[in-house]
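K.L.:
Please see the structure below; I have some questions.
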Amino acid sequence: MTMNSKNKPALRTWLKWAALGGVSAINGYATILMYARAEYAFALLTLILTALGVYVFARKSTYAHRYIYPGVAGMILFIIFPLVYTVGLSFTNYSGSNQLSFQRAQSVLMEQSFQTGESYSFSLYGEEGRYQLALNTQDGWYLSEPVDLKALPESLSLSLSQQPSTDAAPLKTVIQNRQQLSALVVSLPNGDNLTMSGLRKFAASQSLFALQDDGETLINQQTKQVYKPNWETGYYQEVNEAGQFIGDSMSPGFIVNSGWDNFTRIFTDPGIQGPFVSIFIWTILFSALTVVFTLAVGVVLAQVVSWEALKGRGLYRVLLILPYAVPAFISILIFKGLFNQSFGEINQVLQGLFGLSPSWFTDPFLAKTMILIVNTWLGYPYMMILAMGLLKAIPDDLYEASAMDGAGPLDNFFRITLPMLVKPMVPLLIASFAFNFNNFVLIQLLTNGAPDMLGTSVPAGHTDLLVSYTYRIAFEGAGGQDFGLAGAIATLIFLLVGGLSLLNMKFTKLDAE
């Protein structure tokens with residue numbers, strides 16, 4: 001028993017260090033792989049989380065911190081890292097055509113080839129995994145020795161022979177082994193070296209580009225044009241004898257640091273500046289008006305359902321809170337059908353009563369009005385619930401004293417009820433403003449930013465908020481997904497929302513005092 005008692009702590013210690021060693025080894029291997037693939041940010045993130053975890057769990061002095069480590073790791077992984085990564089992207093030219101490192105982009109260009117001689121039809125003859133490669137030429141058939149397609153050598157020599165008597169393998173076999181066949185070099189007796197140029201063709205080919213001794217310059221071996229990397233745009237571009245860049249850029253491009261260029265574009269490019277300012281103003285108005293409308297409707301309805309003389313108050317409360325219980329995306333899609341310009345129920349009613357058929361989705365003003373109506377419907381139950389709870393906290397003595405002074409219901413509402421409600425709700429109103437500032441789901445499902453603005457450099461719509469505008473730049477750009485510019489706008493959004501959060505904390509602190 002004594003030996004067992006002494007061995008248990010030692011066993012636990014051994015198991016702890018074995019577990020930490022195993023986790024460190026696995027994450028260390030993953031870090032090396034990420035670094036080798038030029039995923040430096042993710043490699044650094046893995047290294048930091050692993051080192052922090054080993055430090056916390058290996059030391060007795062940090063015993064208490066192991067309980068909060070999962071929360072800290074989650075915060076680093078899902079909040080701090082995406083934020084830092086986005087800010088980092090905003091200082092690069094990262095886009096749909098500039099996603100590779102310089103070395104990777106160069107290697108992709110070096111893999112291109114062009115045909116320098118005749119092409120020949122080829123077929124595979126054989127079965128059970130061993131096939132002969134046969135070329136059909138003017139001189140006759142050239143065949144290889146039977147080989148295993150799963151373990152092809154780097155090169156095969158072909159010799160003149162008769163056409164095989166067996167049936168050729170189906171195209172399916174070629175497709176299944178296309179990767180191995182593409183890396184194969186076929187040699188003919190005359191010295192020609194052929195490579196695969198199609199699913200049924202082998203041809204004499206040569207690398208399109210030759211890398212020079214400086215490790216950067218490429219020469220097109222077909223046209224003899226000289227290309228050098230343009231470190232400002234992130235593309236290989238043709239240069240003249242004086243070393244000046246001319247001609248079009250070659251894709252794929254590579255990632256380069258662009259400094260403050262993306263932020264400068266926001267405020268100097270007319271095709272971006274105009275839409276950005278317009279969308280920024282609309283985002284502020286949308287958030288502010290949503291707070292005002294939802295507060296007004298919520299407070300009024302809270303007053304009504306709190307009226308003691310009203311019969312069936314409980315039923316009315318349930319009915320008025322129902323919009324809050326229905327998932328927002330369902331309500332938005334229902335409203336999208338109701339506001340349909342051709343067969344929506346709202347236009348049918350307006351057409352029947354007043355002869356009107358508003359263009360809700362094509363007129364900028366009406367589209368914004370529709371969005372405010374829908375968002376007010378989605379948001380008023382929250383304000384009503386808050387107001388119902390706060391109304392019960394207002395002392396009845398205030399209303400009795402007001403009645404003795406001869407004040408009416410409106411005086412009581414604006415001088416007693418509203419001030420007593422709004423003051424404790426200020427932090428919640430600021431939070432509601434910040435939420436609607438980034439209300440991506442509403443815009444994406446209801447209008448997708450439409451109607452679109454004309455004459456813009458990047459996709460932009462009259463009903464876009466900054467967050468949906470950023471999304472469209474990142475994923476819907478006609479000229480390539482501009483993640484760098486989207487990251488710059490996202491950084492500005494973060495600063496704005498962060499400022500609102502600080503303001504909220506300040507008001508909360510003042511209320512607490």
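Residue numbering restarts at 1 in every chain; chains get A, B, ... in the order shown in the structure tokens, and ligands count up from 1 in that same order.
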With only C-alpha atoms as the counted atoms, please give the residues lying no more than 12 Å from Ala183 of chain A, apart from itself and same-chain residues fewer than 6 positions off, as a PyMOL selection string.
P.N.:
chain A and resi 111+149+151-156+177+194-197+202
K.L.:
Just the selected residues (N, CA, C and O atoms), exported as a compact mmCIF listing (two decimals), in the first residue's frame, please.
P.N.:
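File produced: part.txt:
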# COMPACT_ATOMS: atom_id res chain seq x y z
N GLU A 111 5.86 26.47 -64.46
CA GLU A 111 5.26 25.20 -64.85
C GLU A 111 4.55 25.27 -66.20
O GLU A 111 4.19 24.24 -66.76
N LEU A 149 0.67 1.84 -63.80
CA LEU A 149 0.31 3.27 -63.86
C LEU A 149 0.38 3.94 -62.50
O LEU A 149 0.52 5.17 -62.41
N ALA A 151 2.75 3.42 -60.39
CA ALA A 151 4.17 3.62 -60.05
C ALA A 151 4.97 3.86 -61.32
O ALA A 151 5.93 3.15 -61.63
N LEU A 152 4.57 4.88 -62.05
CA LEU A 152 5.25 5.19 -63.32
C LEU A 152 6.64 5.76 -63.06
O LEU A 152 6.84 6.55 -62.13
N PRO A 153 7.63 5.39 -63.89
CA PRO A 153 8.95 6.03 -63.79
C PRO A 153 8.88 7.46 -64.33
O PRO A 153 7.87 7.89 -64.87
N GLU A 154 9.96 8.19 -64.17
CA GLU A 154 9.99 9.57 -64.65
C GLU A 154 9.98 9.63 -66.17
O GLU A 154 9.50 10.60 -66.75
N SER A 155 10.52 8.62 -66.84
CA SER A 155 10.58 8.64 -68.30
C SER A 155 10.38 7.22 -68.83
O SER A 155 10.65 6.23 -68.13
N LEU A 156 9.90 7.16 -70.06
CA LEU A 156 9.69 5.88 -70.75
C LEU A 156 10.25 5.98 -72.16
O LEU A 156 10.08 7.01 -72.84
N ASN A 177 -5.65 8.29 -63.97
CA ASN A 177 -4.19 8.32 -63.82
C ASN A 177 -3.57 9.55 -64.48
O ASN A 177 -2.40 9.54 -64.84
N LEU A 194 8.61 13.81 -75.35
CA LEU A 194 7.21 14.23 -75.40
C LEU A 194 6.60 14.21 -74.01
O LEU A 194 6.97 13.38 -73.17
N THR A 195 5.65 15.11 -73.80
CA THR A 195 4.88 15.13 -72.56
C THR A 195 3.40 15.21 -72.90
O THR A 195 3.02 15.58 -74.01
N MET A 196 2.59 14.90 -71.94
CA MET A 196 1.14 14.86 -72.14
C MET A 196 0.61 16.27 -72.37
O MET A 196 0.87 17.18 -71.58
N SER A 197 -0.13 16.47 -73.45
CA SER A 197 -0.68 17.79 -73.76
C SER A 197 -2.21 17.76 -73.84
O SER A 197 -2.82 18.75 -74.20
N PHE A 202 0.09 13.39 -76.80
CA PHE A 202 1.45 13.64 -76.32
C PHE A 202 2.14 14.50 -77.37
O PHE A 202 1.94 14.31 -78.57
K.L.:
Please provide the set of residues having any atom within 12 Å of Gln222 of chain A, restricted to only C-alpha atoms, with same-chain residues fewer than 5 positions apart removed, written as a PyMOL selection string.
P.N.:
chain A and resi 112-116+205-210
K.L.:
Applying 9 Å and only C-alpha atoms, which residues near Asn439 of chain A remain after dropping the ones on its own chain fewer than 6 positions away? List them as a list in words.
P.N.:
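Residues near the query, excluding close chain neighbours: Ser287, Leu465, Val467 and Ser468 of chain A.
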K.L.:
Quick one: everything within 7 Å of segment 239-248 of chain A, counting only C-alpha atoms, minus sequence neighbours fewer than 2 positions away in the same chain. Send it as a compact mmCIF listing (two decimals) with N, CA and C atoms, in the first residue's frame.
P.N.:
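Printed below is part32.txt as written:
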# COMPACT_ATOMS: atom_id res chain seq x y z
N VAL A 226 10.93 39.77 -71.95
CA VAL A 226 11.52 39.74 -70.61
C VAL A 226 10.49 40.24 -69.60
N TYR A 227 10.34 39.50 -68.52
CA TYR A 227 9.38 39.84 -67.47
C TYR A 227 10.09 39.94 -66.13
N LYS A 228 9.71 40.96 -65.36
CA LYS A 228 10.25 41.14 -64.02
C LYS A 228 9.09 41.38 -63.04
N GLN A 237 5.54 41.53 -64.91
CA GLN A 237 5.16 42.43 -65.99
C GLN A 237 6.32 42.57 -66.97
N MET A 250 0.94 39.61 -65.73
CA MET A 250 0.70 38.18 -65.87
C MET A 250 0.14 37.61 -64.57
K.L.:
Any idea what's packed within 7 Å of segment 485-501 of chain A, counting only C-alpha atoms, ignoring anything in its chain fewer than 4 positions away? Could you give it as a list in words?
P.N.:
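Result of the neighbour search: Thr86, Val87, Leu89, Ser90, Asn262, Phe263, Ala434, Thr470, Ile473, Ala474 and Met505 of chain A.
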K.L.:
Could you write those residues out with N, CA, C and O atoms, as a PDB file, in the first residue's frame?
P.N.:
ATOM      1  N   THR A  86      -7.202  40.450 -40.090  1.00  0.00           N
ATOM      2  CA  THR A  86      -7.924  41.373 -40.967  1.00  0.00           C
ATOM      3  C   THR A  86      -7.184  42.694 -41.110  1.00  0.00           C
ATOM      4  O   THR A  86      -7.063  43.240 -42.213  1.00  0.00           O
ATOM      5  N   VAL A  87      -6.690  43.225 -39.972  1.00  0.00           N
ATOM      6  CA  VAL A  87      -5.928  44.471 -40.025  1.00  0.00           C
ATOM      7  C   VAL A  87      -4.672  44.275 -40.867  1.00  0.00           C
ATOM      8  O   VAL A  87      -4.293  45.146 -41.666  1.00  0.00           O
ATOM      9  N   LEU A  89      -4.298  42.185 -43.387  1.00  0.00           N
ATOM     10  CA  LEU A  89      -4.687  42.127 -44.800  1.00  0.00           C
ATOM     11  C   LEU A  89      -4.900  43.510 -45.387  1.00  0.00           C
ATOM     12  O   LEU A  89      -4.676  43.731 -46.578  1.00  0.00           O
ATOM     13  N   SER A  90      -5.367  44.437 -44.551  1.00  0.00           N
ATOM     14  CA  SER A  90      -5.675  45.775 -45.061  1.00  0.00           C
ATOM     15  C   SER A  90      -4.432  46.515 -45.535  1.00  0.00           C
ATOM     16  O   SER A  90      -4.540  47.509 -46.251  1.00  0.00           O
ATOM     17  N   ASN A 262      -4.716  51.005 -49.446  1.00  0.00           N
ATOM     18  CA  ASN A 262      -6.134  50.649 -49.377  1.00  0.00           C
ATOM     19  C   ASN A 262      -6.939  51.703 -48.629  1.00  0.00           C
ATOM     20  O   ASN A 262      -8.062  52.033 -49.022  1.00  0.00           O
ATOM     21  N   PHE A 263      -6.370  52.240 -47.558  1.00  0.00           N
ATOM     22  CA  PHE A 263      -7.063  53.299 -46.819  1.00  0.00           C
ATOM     23  C   PHE A 263      -7.107  54.577 -47.652  1.00  0.00           C
ATOM     24  O   PHE A 263      -8.108  55.310 -47.617  1.00  0.00           O
ATOM     25  N   ALA A 434     -25.105  49.773 -32.091  1.00  0.00           N
ATOM     26  CA  ALA A 434     -23.924  49.046 -32.566  1.00  0.00           C
ATOM     27  C   ALA A 434     -24.328  47.764 -33.291  1.00  0.00           C
ATOM     28  O   ALA A 434     -23.720  47.392 -34.306  1.00  0.00           O
ATOM     29  N   THR A 470     -18.630  45.812 -47.407  1.00  0.00           N
ATOM     30  CA  THR A 470     -17.357  45.116 -47.252  1.00  0.00           C
ATOM     31  C   THR A 470     -17.441  43.698 -47.793  1.00  0.00           C
ATOM     32  O   THR A 470     -16.525  43.215 -48.475  1.00  0.00           O
ATOM     33  N   ILE A 473     -17.377  43.704 -51.602  1.00  0.00           N
ATOM     34  CA  ILE A 473     -16.035  43.975 -52.114  1.00  0.00           C
ATOM     35  C   ILE A 473     -15.178  42.718 -52.033  1.00  0.00           C
ATOM     36  O   ILE A 473     -14.419  42.397 -52.948  1.00  0.00           O
ATOM     37  N   ALA A 474     -15.317  41.993 -50.911  1.00  0.00           N
ATOM     38  CA  ALA A 474     -14.468  40.826 -50.677  1.00  0.00           C
ATOM     39  C   ALA A 474     -14.850  39.635 -51.547  1.00  0.00           C
ATOM     40  O   ALA A 474     -13.982  38.851 -51.935  1.00  0.00           O
ATOM     41  N   MET A 505     -19.581  51.685 -22.340  1.00  0.00           N
ATOM     42  CA  MET A 505     -18.984  51.409 -21.035  1.00  0.00           C
ATOM     43  C   MET A 505     -18.956  52.661 -20.169  1.00  0.00           C
ATOM     44  O   MET A 505     -19.171  52.598 -18.949  1.00  0.00           O
TER      45      MET A 505
END
K.L.:
Provide the atom CA of Pro395 of chain A to atom CA of Phe413 of chain A distance in Å, to one decimal place.
P.N.:
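Between atom CA of Pro395 of chain A and atom CA of Phe413 of chain A the gap works out to 13.6 Å.
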K.L.:
So which one's closest to Phe293 of chain A, A:Ile394, A:Leu421, A:Leu429, A:Ala367? Using only C-alpha atoms, please.
P.N.:
A:Leu429
